[in-house]
>>> print(open('my_file.cif').read())   # mmCIF, C-alpha atoms
data_data
loop_
_atom_site.group_PDB
_atom_site.id
_atom_site.type_symbol
_atom_site.label_atom_id
_atom_site.label_comp_id
_atom_site.auth_asym_id
_atom_site.auth_seq_id
_atom_site.Cartn_x
_atom_site.Cartn_y
_atom_site.Cartn_z
ATOM 1 C CA MET A 1 15.852 -11.583 -7.287
ATOM 2 C CA THR A 2 18.376 -11.482 -10.082
ATOM 3 C CA GLU A 3 18.524 -9.628 -13.369
ATOM 4 C CA GLU A 4 17.853 -12.911 -15.174
ATOM 5 C CA THR A 5 14.706 -13.449 -13.109
ATOM 6 C CA LEU A 6 13.332 -10.054 -14.052
ATOM 7 C CA ASN A 7 14.189 -10.439 -17.708
ATOM 8 C CA ASN A 8 12.559 -13.850 -17.901
ATOM 9 C CA GLY A 9 9.356 -12.508 -16.388
ATOM 10 C CA ILE A 10 9.240 -15.196 -13.712
ATOM 11 C CA SER A 11 7.478 -12.799 -11.332
ATOM 12 C CA ASP A 12 4.490 -12.845 -13.737
ATOM 13 C CA LEU A 13 3.938 -16.569 -13.355
ATOM 14 C CA LYS A 14 2.138 -18.542 -10.681
ATOM 15 C CA ILE A 15 4.830 -19.239 -8.131
ATOM 16 C CA SER A 16 5.338 -20.483 -4.621
ATOM 17 C CA THR A 17 6.831 -18.425 -1.827
ATOM 18 C CA GLU A 18 9.636 -19.541 0.417
ATOM 19 C CA ASN A 19 6.892 -20.804 2.765
ATOM 20 C CA ASP A 20 5.335 -22.776 -0.128
ATOM 21 C CA VAL A 21 2.069 -20.838 -0.165
ATOM 22 C CA SER A 22 0.946 -20.286 -3.746
ATOM 23 C CA TRP A 23 -0.501 -17.164 -5.309
ATOM 24 C CA GLU A 24 -1.621 -16.039 -8.735
ATOM 25 C CA GLU A 25 -1.432 -12.774 -10.584
ATOM 26 C CA HIS A 26 -4.854 -11.169 -10.700
ATOM 27 C CA GLU A 27 -6.176 -8.256 -12.759
ATOM 28 C CA ILE A 28 -9.254 -6.092 -12.294
ATOM 29 C CA GLU A 29 -10.499 -4.033 -15.222
ATOM 30 C CA VAL A 30 -10.988 -0.322 -14.491
ATOM 31 C CA PRO A 31 -11.909 2.559 -16.829
ATOM 32 C CA TRP A 32 -8.282 3.652 -17.272
ATOM 33 C CA GLY A 33 -6.827 0.148 -17.669
ATOM 34 C CA LYS A 34 -6.195 -2.443 -14.983
ATOM 35 C CA VAL A 35 -5.499 -2.840 -11.302
ATOM 36 C CA ALA A 36 -2.996 -5.653 -10.830
ATOM 37 C CA GLY A 37 -2.555 -7.777 -7.760
ATOM 38 C CA LYS A 38 -1.668 -11.103 -6.185
ATOM 39 C CA TRP A 39 -4.374 -13.512 -5.068
ATOM 40 C CA TRP A 40 -3.496 -15.932 -2.294
ATOM 41 C CA GLY A 41 -5.831 -18.844 -1.569
ATOM 42 C CA PRO A 42 -9.083 -20.077 -3.175
ATOM 43 C CA LYS A 43 -10.715 -17.784 -5.746
ATOM 44 C CA ASP A 44 -14.233 -18.838 -4.686
ATOM 45 C CA ARG A 45 -13.825 -17.116 -1.325
ATOM 46 C CA GLN A 46 -14.245 -13.376 -0.687
ATOM 47 C CA PRO A 47 -10.696 -12.217 -0.005
ATOM 48 C CA VAL A 48 -9.174 -9.990 2.605
ATOM 49 C CA LEU A 49 -8.185 -6.879 0.624
ATOM 50 C CA CYS A 50 -4.566 -5.914 1.342
ATOM 51 C CA LEU A 51 -3.294 -2.390 0.646
ATOM 52 C CA HIS A 52 0.271 -1.093 0.485
ATOM 53 C CA GLY A 53 1.954 2.178 1.376
ATOM 54 C CA TRP A 54 2.766 5.188 -0.790
ATOM 55 C CA GLN A 55 5.116 4.294 -3.684
ATOM 56 C CA ASP A 56 5.287 0.653 -2.512
ATOM 57 C CA ASN A 57 3.315 -2.159 -4.139
ATOM 58 C CA ALA A 58 1.517 -5.434 -3.462
ATOM 59 C CA GLY A 59 4.864 -7.092 -2.746
ATOM 60 C CA THR A 60 4.877 -5.388 0.643
ATOM 61 C CA HIS A 61 2.678 -8.277 1.850
ATOM 62 C CA ASP A 62 4.767 -11.097 0.329
ATOM 63 C CA ARG A 63 6.329 -12.158 3.606
ATOM 64 C CA LEU A 64 3.288 -11.557 5.793
ATOM 65 C CA ILE A 65 0.453 -13.313 3.960
ATOM 66 C CA PRO A 66 2.096 -16.780 3.943
ATOM 67 C CA LEU A 67 2.128 -16.579 7.768
ATOM 68 C CA LEU A 68 -1.601 -15.758 8.043
ATOM 69 C CA PRO A 69 -4.486 -18.259 8.408
ATOM 70 C CA THR A 70 -5.126 -20.330 5.281
ATOM 71 C CA SER A 71 -8.842 -20.292 6.094
ATOM 72 C CA PHE A 72 -8.888 -16.853 4.418
ATOM 73 C CA SER A 73 -8.079 -15.753 0.876
ATOM 74 C CA TYR A 74 -6.071 -12.568 0.358
ATOM 75 C CA LEU A 75 -5.938 -10.125 -2.536
ATOM 76 C CA ALA A 76 -2.995 -7.724 -2.399
ATOM 77 C CA ILE A 77 -3.365 -5.024 -5.049
ATOM 78 C CA ASP A 78 -1.090 -2.445 -6.627
ATOM 79 C CA LEU A 79 -2.759 0.949 -6.301
ATOM 80 C CA PRO A 80 -3.070 2.956 -9.557
ATOM 81 C CA GLY A 81 0.329 3.997 -10.885
ATOM 82 C CA HIS A 82 2.102 1.532 -8.594
ATOM 83 C CA GLY A 83 3.629 -1.868 -9.340
ATOM 84 C CA LYS A 84 1.968 -3.535 -12.318
ATOM 85 C CA SER A 85 -1.226 -1.454 -12.255
ATOM 86 C CA SER A 86 -2.009 0.954 -15.085
ATOM 87 C CA HIS A 87 -0.802 4.523 -14.865
ATOM 88 C CA TYR A 88 -3.313 7.336 -15.188
ATOM 89 C CA PRO A 89 -3.567 8.980 -18.638
ATOM 90 C CA THR A 90 -1.489 12.058 -19.354
ATOM 91 C CA GLY A 91 -3.119 15.154 -17.883
ATOM 92 C CA MET A 92 -4.637 13.380 -14.884
ATOM 93 C CA GLN A 93 -3.261 13.944 -11.403
ATOM 94 C CA TYR A 94 -3.003 11.346 -8.676
ATOM 95 C CA TYR A 95 -5.115 12.209 -5.679
ATOM 96 C CA VAL A 96 -3.746 9.050 -4.096
ATOM 97 C CA PHE A 97 -5.746 9.343 -0.915
ATOM 98 C CA TRP A 98 -9.239 9.963 -2.335
ATOM 99 C CA ASP A 99 -8.520 7.853 -5.408
ATOM 100 C CA GLY A 100 -7.691 4.932 -3.145
ATOM 101 C CA ILE A 101 -10.968 5.113 -1.226
ATOM 102 C CA THR A 102 -12.908 5.312 -4.492
ATOM 103 C CA LEU A 103 -10.936 2.359 -5.877
ATOM 104 C CA ILE A 104 -11.850 0.176 -2.901
ATOM 105 C CA ARG A 105 -15.505 1.100 -3.401
ATOM 106 C CA ARG A 106 -15.258 0.372 -7.132
ATOM 107 C CA ILE A 107 -13.829 -3.099 -6.440
ATOM 108 C CA VAL A 108 -16.348 -3.897 -3.689
ATOM 109 C CA LYS A 109 -19.299 -2.942 -5.898
ATOM 110 C CA LYS A 110 -17.874 -4.744 -8.931
ATOM 111 C CA PHE A 111 -17.651 -8.057 -7.092
ATOM 112 C CA LYS A 112 -20.607 -7.428 -4.762
ATOM 113 C CA TRP A 113 -18.555 -8.110 -1.668
ATOM 114 C CA GLU A 114 -20.194 -7.679 1.715
ATOM 115 C CA LYS A 115 -18.746 -6.944 5.145
ATOM 116 C CA ILE A 116 -15.200 -6.727 3.856
ATOM 117 C CA THR A 117 -11.933 -7.133 5.743
ATOM 118 C CA LEU A 118 -8.992 -4.840 5.022
ATOM 119 C CA ILE A 119 -5.308 -5.007 5.899
ATOM 120 C CA GLY A 120 -3.338 -1.846 5.202
ATOM 121 C CA HIS A 121 0.165 -0.581 5.812
ATOM 122 C CA SER A 122 0.866 3.157 6.066
ATOM 123 C CA LEU A 123 -1.163 4.781 3.232
ATOM 124 C CA GLY A 124 -3.044 1.475 2.968
ATOM 125 C CA GLY A 125 -3.927 1.772 6.649
ATOM 126 C CA CYS A 126 -5.200 5.309 6.072
ATOM 127 C CA LEU A 127 -7.351 4.082 3.196
ATOM 128 C CA SER A 128 -8.737 1.283 5.387
ATOM 129 C CA PHE A 129 -9.528 3.797 8.126
ATOM 130 C CA MET A 130 -11.279 6.141 5.704
ATOM 131 C CA TYR A 131 -13.235 3.412 3.927
ATOM 132 C CA ALA A 132 -14.463 2.070 7.276
ATOM 133 C CA SER A 133 -15.526 5.597 8.202
ATOM 134 C CA CYS A 134 -17.214 6.428 4.885
ATOM 135 C CA PHE A 135 -19.003 3.053 4.694
ATOM 136 C CA PRO A 136 -19.302 1.983 8.342
ATOM 137 C CA ASP A 137 -21.921 -0.685 7.695
ATOM 138 C CA ASP A 138 -19.931 -2.368 4.920
ATOM 139 C CA VAL A 139 -16.721 -3.206 6.808
ATOM 140 C CA ALA A 140 -16.416 -6.108 9.224
ATOM 141 C CA ARG A 141 -12.871 -5.406 10.386
ATOM 142 C CA PHE A 142 -9.607 -3.802 9.373
ATOM 143 C CA VAL A 143 -5.965 -4.072 10.339
ATOM 144 C CA SER A 144 -3.809 -0.964 10.219
ATOM 145 C CA ILE A 145 -0.032 -1.247 10.392
ATOM 146 C CA ASP A 146 1.970 1.692 11.790
ATOM 147 C CA ILE A 147 -0.647 4.346 11.092
ATOM 148 C CA ALA A 148 -3.706 5.438 13.053
ATOM 149 C CA GLY A 149 -5.497 7.521 10.431
ATOM 150 C CA PRO A 150 -4.739 10.177 7.807
ATOM 151 C CA THR A 151 -1.476 11.911 8.623
ATOM 152 C CA VAL A 152 -1.836 15.400 10.057
ATOM 153 C CA ARG A 153 0.914 17.401 8.417
ATOM 154 C CA ASN A 154 2.468 20.794 8.965
ATOM 155 C CA PHE A 155 0.256 23.133 6.935
ATOM 156 C CA ASP A 156 2.902 25.835 6.535
ATOM 157 C CA ARG A 157 5.252 23.309 4.951
ATOM 158 C CA ILE A 158 2.490 22.035 2.663
ATOM 159 C CA ALA A 159 1.703 25.582 1.530
ATOM 160 C CA SER A 160 5.341 26.380 0.821
ATOM 161 C CA ASN A 161 5.769 23.234 -1.310
ATOM 162 C CA THR A 162 2.570 23.412 -3.365
ATOM 163 C CA GLY A 163 3.860 25.553 -6.240
ATOM 164 C CA ASP A 164 6.967 23.437 -6.672
ATOM 165 C CA CYS A 165 4.856 20.254 -6.754
ATOM 166 C CA ILE A 166 2.659 21.654 -9.524
ATOM 167 C CA ASP A 167 5.689 22.582 -11.650
ATOM 168 C CA LYS A 168 7.226 19.142 -11.117
ATOM 169 C CA PHE A 169 3.963 17.461 -12.088
ATOM 170 C CA LEU A 170 3.867 19.359 -15.386
ATOM 171 C CA LEU A 171 7.494 18.404 -16.006
ATOM 172 C CA TYR A 172 7.042 14.724 -15.157
ATOM 173 C CA GLU A 173 3.979 14.222 -17.345
ATOM 174 C CA THR A 174 5.866 15.331 -20.457
ATOM 175 C CA LEU A 175 9.152 13.614 -19.651
ATOM 176 C CA PRO A 176 9.960 11.206 -22.521
ATOM 177 C CA MET A 177 11.023 7.629 -21.752
ATOM 178 C CA THR A 178 14.483 8.472 -23.088
ATOM 179 C CA LYS A 179 14.902 10.842 -20.137
ATOM 180 C CA MET A 180 13.707 8.374 -17.524
ATOM 181 C CA PRO A 181 16.478 7.316 -15.126
ATOM 182 C CA CYS A 182 17.848 3.862 -15.892
ATOM 183 C CA TYR A 183 19.986 1.858 -13.478
ATOM 184 C CA GLU A 184 21.926 -1.363 -13.228
ATOM 185 C CA TYR A 185 20.213 -3.870 -10.927
ATOM 186 C CA LYS A 186 22.607 -3.429 -7.999
ATOM 187 C CA ASP A 187 22.554 0.362 -8.318
ATOM 188 C CA MET A 188 18.737 0.355 -8.338
ATOM 189 C CA ILE A 189 18.580 -1.721 -5.161
ATOM 190 C CA ASP A 190 21.239 0.439 -3.474
ATOM 191 C CA LEU A 191 19.289 3.578 -4.363
ATOM 192 C CA VAL A 192 16.031 2.238 -2.913
ATOM 193 C CA VAL A 193 17.693 0.958 0.276
ATOM 194 C CA ASP A 194 19.114 4.436 0.870
ATOM 195 C CA ALA A 195 15.782 6.114 0.100
ATOM 196 C CA TYR A 196 13.966 4.124 2.805
ATOM 197 C CA GLN A 197 16.436 5.406 5.406
ATOM 198 C CA GLY A 198 16.570 2.211 7.431
ATOM 199 C CA SER A 199 12.882 1.302 7.307
ATOM 200 C CA VAL A 200 13.515 -1.556 4.859
ATOM 201 C CA ASP A 201 16.588 -3.793 4.660
ATOM 202 C CA ARG A 202 18.174 -4.965 1.425
ATOM 203 C CA PRO A 203 16.406 -8.359 1.180
ATOM 204 C CA SER A 204 13.062 -6.626 1.744
ATOM 205 C CA VAL A 205 13.835 -4.065 -0.949
ATOM 206 C CA GLU A 206 14.513 -6.911 -3.374
ATOM 207 C CA VAL A 207 11.082 -8.318 -2.528
ATOM 208 C CA LEU A 208 9.418 -4.951 -3.229
ATOM 209 C CA MET A 209 11.323 -4.397 -6.432
ATOM 210 C CA ARG A 210 9.984 -7.589 -7.999
ATOM 211 C CA ARG A 211 7.007 -5.395 -8.863
ATOM 212 C CA GLY A 212 8.697 -2.046 -8.401
ATOM 213 C CA MET A 213 11.172 -2.144 -11.272
ATOM 214 C CA ALA A 214 11.081 -3.191 -14.915
ATOM 215 C CA PRO A 215 13.675 -3.722 -17.657
ATOM 216 C CA ALA A 216 14.226 -0.690 -19.858
ATOM 217 C CA PRO A 217 12.244 -0.992 -23.131
ATOM 218 C CA LYS A 218 14.373 -2.502 -25.882
ATOM 219 C CA ASP A 219 13.629 0.337 -28.300
ATOM 220 C CA LEU A 220 15.460 2.755 -25.989
ATOM 221 C CA HIS A 221 18.677 0.806 -26.581
ATOM 222 C CA LYS A 222 19.515 1.018 -22.893
ATOM 223 C CA ASN A 223 20.553 -1.737 -20.529
ATOM 224 C CA GLY A 224 19.237 -1.788 -17.009
ATOM 225 C CA TYR A 225 16.021 -0.993 -15.172
ATOM 226 C CA HIS A 226 13.698 1.853 -14.402
ATOM 227 C CA PHE A 227 11.049 2.288 -11.725
ATOM 228 C CA ALA A 228 7.729 0.700 -12.656
ATOM 229 C CA ARG A 229 5.671 3.219 -10.701
ATOM 230 C CA ASP A 230 4.440 6.421 -12.289
ATOM 231 C CA LEU A 231 6.913 9.237 -11.735
ATOM 232 C CA ARG A 232 3.977 11.595 -11.109
ATOM 233 C CA LEU A 233 3.318 9.814 -7.811
ATOM 234 C CA LYS A 234 6.254 11.727 -6.352
ATOM 235 C CA VAL A 235 4.138 14.884 -6.463
ATOM 236 C CA SER A 236 0.716 13.311 -5.992
ATOM 237 C CA VAL A 237 -1.838 15.093 -3.844
ATOM 238 C CA MET A 238 -2.253 13.328 -0.517
ATOM 239 C CA GLY A 239 -5.002 13.873 2.025
ATOM 240 C CA MET A 240 -4.568 17.142 3.923
ATOM 241 C CA PHE A 241 -6.385 16.970 7.243
ATOM 242 C CA SER A 242 -6.498 18.758 10.536
ATOM 243 C CA LEU A 243 -6.670 16.690 13.705
ATOM 244 C CA GLU A 244 -10.300 17.712 14.130
ATOM 245 C CA GLN A 245 -11.169 16.299 10.701
ATOM 246 C CA VAL A 246 -9.399 12.994 11.392
ATOM 247 C CA LEU A 247 -11.195 12.623 14.724
ATOM 248 C CA ALA A 248 -14.523 13.322 13.033
ATOM 249 C CA TYR A 249 -13.909 10.445 10.620
ATOM 250 C CA ALA A 250 -12.722 8.220 13.483
ATOM 251 C CA ARG A 251 -16.031 8.717 15.285
ATOM 252 C CA ARG A 252 -17.858 7.035 12.388
ATOM 253 C CA ILE A 253 -15.925 3.766 12.530
ATOM 254 C CA LYS A 254 -18.049 0.887 13.833
ATOM 255 C CA CYS A 255 -16.135 -2.243 12.866
ATOM 256 C CA ALA A 256 -13.495 -4.210 14.751
ATOM 257 C CA VAL A 257 -10.050 -2.632 14.441
ATOM 258 C CA LEU A 258 -6.537 -3.960 14.995
ATOM 259 C CA ASN A 259 -3.856 -1.292 15.089
ATOM 260 C CA ILE A 260 -0.215 -2.361 15.187
ATOM 261 C CA ARG A 261 2.214 0.435 16.033
ATOM 262 C CA GLY A 262 5.861 -0.072 15.152
ATOM 263 C CA ILE A 263 8.374 0.943 17.802
ATOM 264 C CA PRO A 264 10.072 3.185 16.784
ATOM 265 C CA GLY A 265 8.089 2.936 13.518
ATOM 266 C CA MET A 266 7.378 6.076 11.519
ATOM 267 C CA VAL A 267 8.194 9.537 12.837
ATOM 268 C CA PHE A 268 5.212 11.925 12.647
ATOM 269 C CA ASP A 269 5.096 15.732 12.620
ATOM 270 C CA ASP A 270 2.926 15.640 15.748
ATOM 271 C CA PRO A 271 3.417 12.446 17.799
ATOM 272 C CA GLY A 272 0.319 13.243 19.852
ATOM 273 C CA VAL A 273 -2.008 12.616 16.916
ATOM 274 C CA TYR A 274 -1.580 8.837 16.913
ATOM 275 C CA PRO A 275 -2.838 8.189 20.483
ATOM 276 C CA ALA A 276 -5.611 10.766 20.076
ATOM 277 C CA VAL A 277 -6.975 8.982 16.995
ATOM 278 C CA ILE A 278 -6.655 5.567 18.641
ATOM 279 C CA GLU A 279 -8.656 6.774 21.628
ATOM 280 C CA GLU A 280 -11.427 8.075 19.363
ATOM 281 C CA ILE A 281 -11.575 4.746 17.518
ATOM 282 C CA ARG A 282 -11.760 2.988 20.865
ATOM 283 C CA LYS A 283 -14.922 4.936 21.703
ATOM 284 C CA SER A 284 -16.713 4.327 18.392
ATOM 285 C CA SER A 285 -15.648 0.855 17.209
ATOM 286 C CA ARG A 286 -17.205 -2.364 18.434
ATOM 287 C CA LYS A 287 -13.712 -3.624 19.237
ATOM 288 C CA LEU A 288 -10.234 -2.117 19.250
ATOM 289 C CA VAL A 289 -7.025 -4.088 19.676
ATOM 290 C CA TYR A 290 -3.922 -1.910 19.934
ATOM 291 C CA GLU A 291 -0.487 -3.527 19.937
ATOM 292 C CA GLU A 292 2.984 -2.004 20.008
ATOM 293 C CA VAL A 293 5.626 -4.137 18.304
ATOM 294 C CA GLU A 294 9.339 -3.496 18.032
ATOM 295 C CA GLY A 295 10.261 -2.742 14.451
ATOM 296 C CA THR A 296 10.622 -0.200 11.672
ATOM 297 C CA HIS A 297 7.791 1.429 9.746
ATOM 298 C CA HIS A 298 7.865 -1.607 7.418
ATOM 299 C CA LEU A 299 7.870 -4.139 10.260
ATOM 300 C CA HIS A 300 5.277 -6.311 8.467
ATOM 301 C CA LEU A 301 7.765 -6.801 5.609
ATOM 302 C CA VAL A 302 11.094 -6.838 7.459
ATOM 303 C CA THR A 303 9.938 -8.759 10.552
ATOM 304 C CA PRO A 304 6.593 -10.361 9.597
ATOM 305 C CA GLU A 305 6.961 -13.077 12.239
ATOM 306 C CA ARG A 306 6.402 -10.408 14.889
ATOM 307 C CA VAL A 307 3.069 -9.206 13.561
ATOM 308 C CA ALA A 308 1.608 -12.311 11.887
ATOM 309 C CA PRO A 309 0.497 -14.002 15.151
ATOM 310 C CA ILE A 310 -1.280 -10.825 16.253
ATOM 311 C CA ILE A 311 -3.089 -10.430 12.946
ATOM 312 C CA SER A 312 -3.936 -14.138 12.792
ATOM 313 C CA LYS A 313 -5.458 -14.084 16.258
ATOM 314 C CA PHE A 314 -7.509 -10.995 15.425
ATOM 315 C CA LEU A 315 -8.840 -12.442 12.162
ATOM 316 C CA GLN A 316 -9.730 -15.801 13.664
ATOM 317 C CA GLU A 317 -11.294 -14.536 16.877
ATOM 318 C CA ASP A 318 -13.379 -11.944 15.063
ATOM 319 C CA SER A 319 -14.531 -14.119 12.148
#
>>> encode(input="my_file.cif", output="structure tokens")
Amino acid sequence: MTEETLNNGISDLKISTENDVSWEEHEIEVPWGKVAGKWWGPKDRQPVLCLHGWQDNAGTHDRLIPLLPTSFSYLAIDLPGHGKSSHYPTGMQYYVFWDGITLIRRIVKKFKWEKITLIGHSLGGCLSFMYASCFPDDVARFVSIDIAGPTVRNFDRIASNTGDCIDKFLLYETLPMTKMPCYEYKDMIDLVVDAYQGSVDRPSVEVLMRRGMAPAPKDLHKNGYHFARDLRLKVSVMGMFSLEQVLAYARRIKCAVLNIRGIPGMVFDDPGVYPAVIEEIRKSSRKLVYEEVEGTHHLHLVTPERVAPIISKFLQEDS
């Protein structure tokens, strides 16, 4: 992805991937604006709904979906405030976790989908888990990549950071565009590569930033790019669960589940939570497939060839 590509808006057009699988930009109207996404495959077929991780975007699936069965359609969306989706109005906070579950329900009811299939990475995997728990009769199957369920975090650390997050939120919502950081293309990519701390390599970052960055508005008289996502997401309120709460939700999941754990993958505050949640899902779901695959937390983006056969087999055998 070059500066010229971004400036010409080529990422907004119908294009073909390096594997020659076409997709189209897709928009869903919501009360605060739009949810943007990428639709792969026929539009007359109920799609697999694909969900990204926190502060990522629909591009996280760009390398994976072309390797999946063409007998399915896929809709990869940008969650609110991410990618090309509308930001929330000033004064509204992002409760990314609960907002995401409600958004899935809003989309399902809008299009009258039945027995849906979900693929989610990280936060997207948590949302898939929670939706399957909250609406156990409405989900046929879900795939979760490098997450078992809502992350159980250190409550003392959460408590100590809460006040600072509130002050930052109030600062970010009033920050004028003239104060927004603006970077040259190479500097932006370098910054994001460093921020992921090895989870995503440079080519993968360039894939993500097709939707993750935008040219600075011309009226600011600045050259370069800024992040497309809403700055307020940095202090958004995530789900705060105890292990007991996560296990209670896990016990409600009935559908078929594929869980792919990256090795080493993501580092968790309590590494014992992941296997405990998987075991609870095993007891309640009609089918659980658990696979460990060598790779980083973003293994579906960096090394999609390692996970695509596993996902393909799961989708085809369970359809």
>>> closest_residue(input="my_file.cif", among="A:Ser204, A:Gln46, A:Thr90, A:Gln316", to="Lys115 (chain A)", atoms="all atoms listed in the file")
A:Gln46
>>> closest_residue(input="my_file.cif", among="A:Met266, A:Ile278, A:Ala214, A:Ile107", to="Gln197 (chain A)", atoms="all atoms listed in the file")
A:Met266
>>> residues_near_point(input="my_file.cif", point="(12.5, -8.1, -2.3)", cutoff="10 Å", atoms="all atoms listed in the file", output="PyMOL selection string")
chain A and resi 1+59-60+62-63+189+200-212+301-302
>>> residues_around(input="my_file.cif", residues="region 128-135 of chain A", least_positions_apart="5", cutoff="6 Å", atoms="all atoms listed in the file", output="number ranges by chain")
A: 101, 149, 249, 252-253
>>> closest_residue(input="my_file.cif", among="A:Val35, A:Leu103, A:Ala228, A:Val246", to="Thr151 (chain A)", atoms="all atoms listed in the file")
A:Val246
>>> residues_near_point(input="my_file.cif", point="(-0.8, -13.2, -9.4)", cutoff="6 Å", atoms="only C-alpha atoms", output="PyMOL selection string")
chain A and resi 23-26+37-39
>>> closest_residue(input="my_file.cif", among="A:Ala36, A:Leu68, A:Val289, A:Ala140", to="Arg261 (chain A)", atoms="only C-alpha atoms")
A:Val289
>>> closest_residue(input="my_file.cif", among="A:Tyr88, A:Trp54, A:Trp40, A:Phe155", to="Thr70 (chain A)", atoms="only C-alpha atoms")
A:Trp40
>>> resolve_selection(input="my_file.cif", expression="the PyMOL selection byres ((chain A and resi 306) around 12)", output="JSON list (two decimals) with C-alpha atoms, in the frame of the given file")
[["chain", "number", "residue", "atom", "x", "y", "z"],
["A", 63, "ARG", "CA", 6.33, -12.16, 3.61],
["A", 64, "LEU", "CA", 3.29, -11.56, 5.79],
["A", 67, "LEU", "CA", 2.13, -16.58, 7.77],
["A", 68, "LEU", "CA", -1.60, -15.76, 8.04],
["A", 260, "ILE", "CA", -0.22, -2.36, 15.19],
["A", 261, "ARG", "CA", 2.21, 0.44, 16.03],
["A", 262, "GLY", "CA", 5.86, -0.07, 15.15],
["A", 263, "ILE", "CA", 8.37, 0.94, 17.80],
["A", 291, "GLU", "CA", -0.49, -3.53, 19.94],
["A", 292, "GLU", "CA", 2.98, -2.00, 20.01],
["A", 293, "VAL", "CA", 5.63, -4.14, 18.30],
["A", 294, "GLU", "CA", 9.34, -3.50, 18.03],
["A", 295, "GLY", "CA", 10.26, -2.74, 14.45],
["A", 296, "THR", "CA", 10.62, -0.20, 11.67],
["A", 298, "HIS", "CA", 7.86, -1.61, 7.42],
["A", 299, "LEU", "CA", 7.87, -4.14, 10.26],
["A", 300, "HIS", "CA", 5.28, -6.31, 8.47],
["A", 301, "LEU", "CA", 7.76, -6.80, 5.61],
["A", 302, "VAL", "CA", 11.09, -6.84, 7.46],
["A", 303, "THR", "CA", 9.94, -8.76, 10.55],
["A", 304, "PRO", "CA", 6.59, -10.36, 9.60],
["A", 305, "GLU", "CA", 6.96, -13.08, 12.24],
["A", 307, "VAL", "CA", 3.07, -9.21, 13.56],
["A", 308, "ALA", "CA", 1.61, -12.31, 11.89],
["A", 309, "PRO", "CA", 0.50, -14.00, 15.15],
["A", 310, "ILE", "CA", -1.28, -10.82, 16.25],
["A", 311, "ILE", "CA", -3.09, -10.43, 12.95],
["A", 312, "SER", "CA", -3.94, -14.14, 12.79]]
>>> axis_aligned_box(input="my_file.cif", around="region 38-41 of chain A", padding_each_side="8 Å", output="lines of an AutoDock Vina configuration file")
center_x = -3.7
center_y = -15.0
center_z = -3.9
size_x = 20.2
size_y = 23.7
size_z = 20.6
>>> resolve_selection(input="my_file.cif", expression="the PyMOL selection byres ((chain A and resi 87) around 8)", output="PDB file with C-alpha atoms, in the coordinates of the input")
ATOM      1  CA  TRP A  32      -8.282   3.652 -17.272  1.00  0.00           C
ATOM      2  CA  GLY A  33      -6.827   0.148 -17.669  1.00  0.00           C
ATOM      3  CA  PRO A  80      -3.070   2.956  -9.557  1.00  0.00           C
ATOM      4  CA  GLY A  81       0.329   3.997 -10.885  1.00  0.00           C
ATOM      5  CA  HIS A  82       2.102   1.532  -8.594  1.00  0.00           C
ATOM      6  CA  SER A  85      -1.226  -1.454 -12.255  1.00  0.00           C
ATOM      7  CA  SER A  86      -2.009   0.954 -15.085  1.00  0.00           C
ATOM      8  CA  TYR A  88      -3.313   7.336 -15.188  1.00  0.00           C
ATOM      9  CA  PRO A  89      -3.567   8.980 -18.638  1.00  0.00           C
ATOM     10  CA  ARG A 229       5.671   3.219 -10.701  1.00  0.00           C
ATOM     11  CA  ASP A 230       4.440   6.421 -12.289  1.00  0.00           C
TER      12      ASP A 230
END
>>> closest_residue(input="my_file.cif", among="A:Lys313, A:Lys218, A:Arg282, A:Arg105", to="Pro69 (chain A)", atoms="all atoms listed in the file")
A:Lys313
>>> atom_distance(input="my_file.cif", atom1="CA of Ser160 (chain A)", atom2="CA of Asn57 (chain A)")
29.0 Å
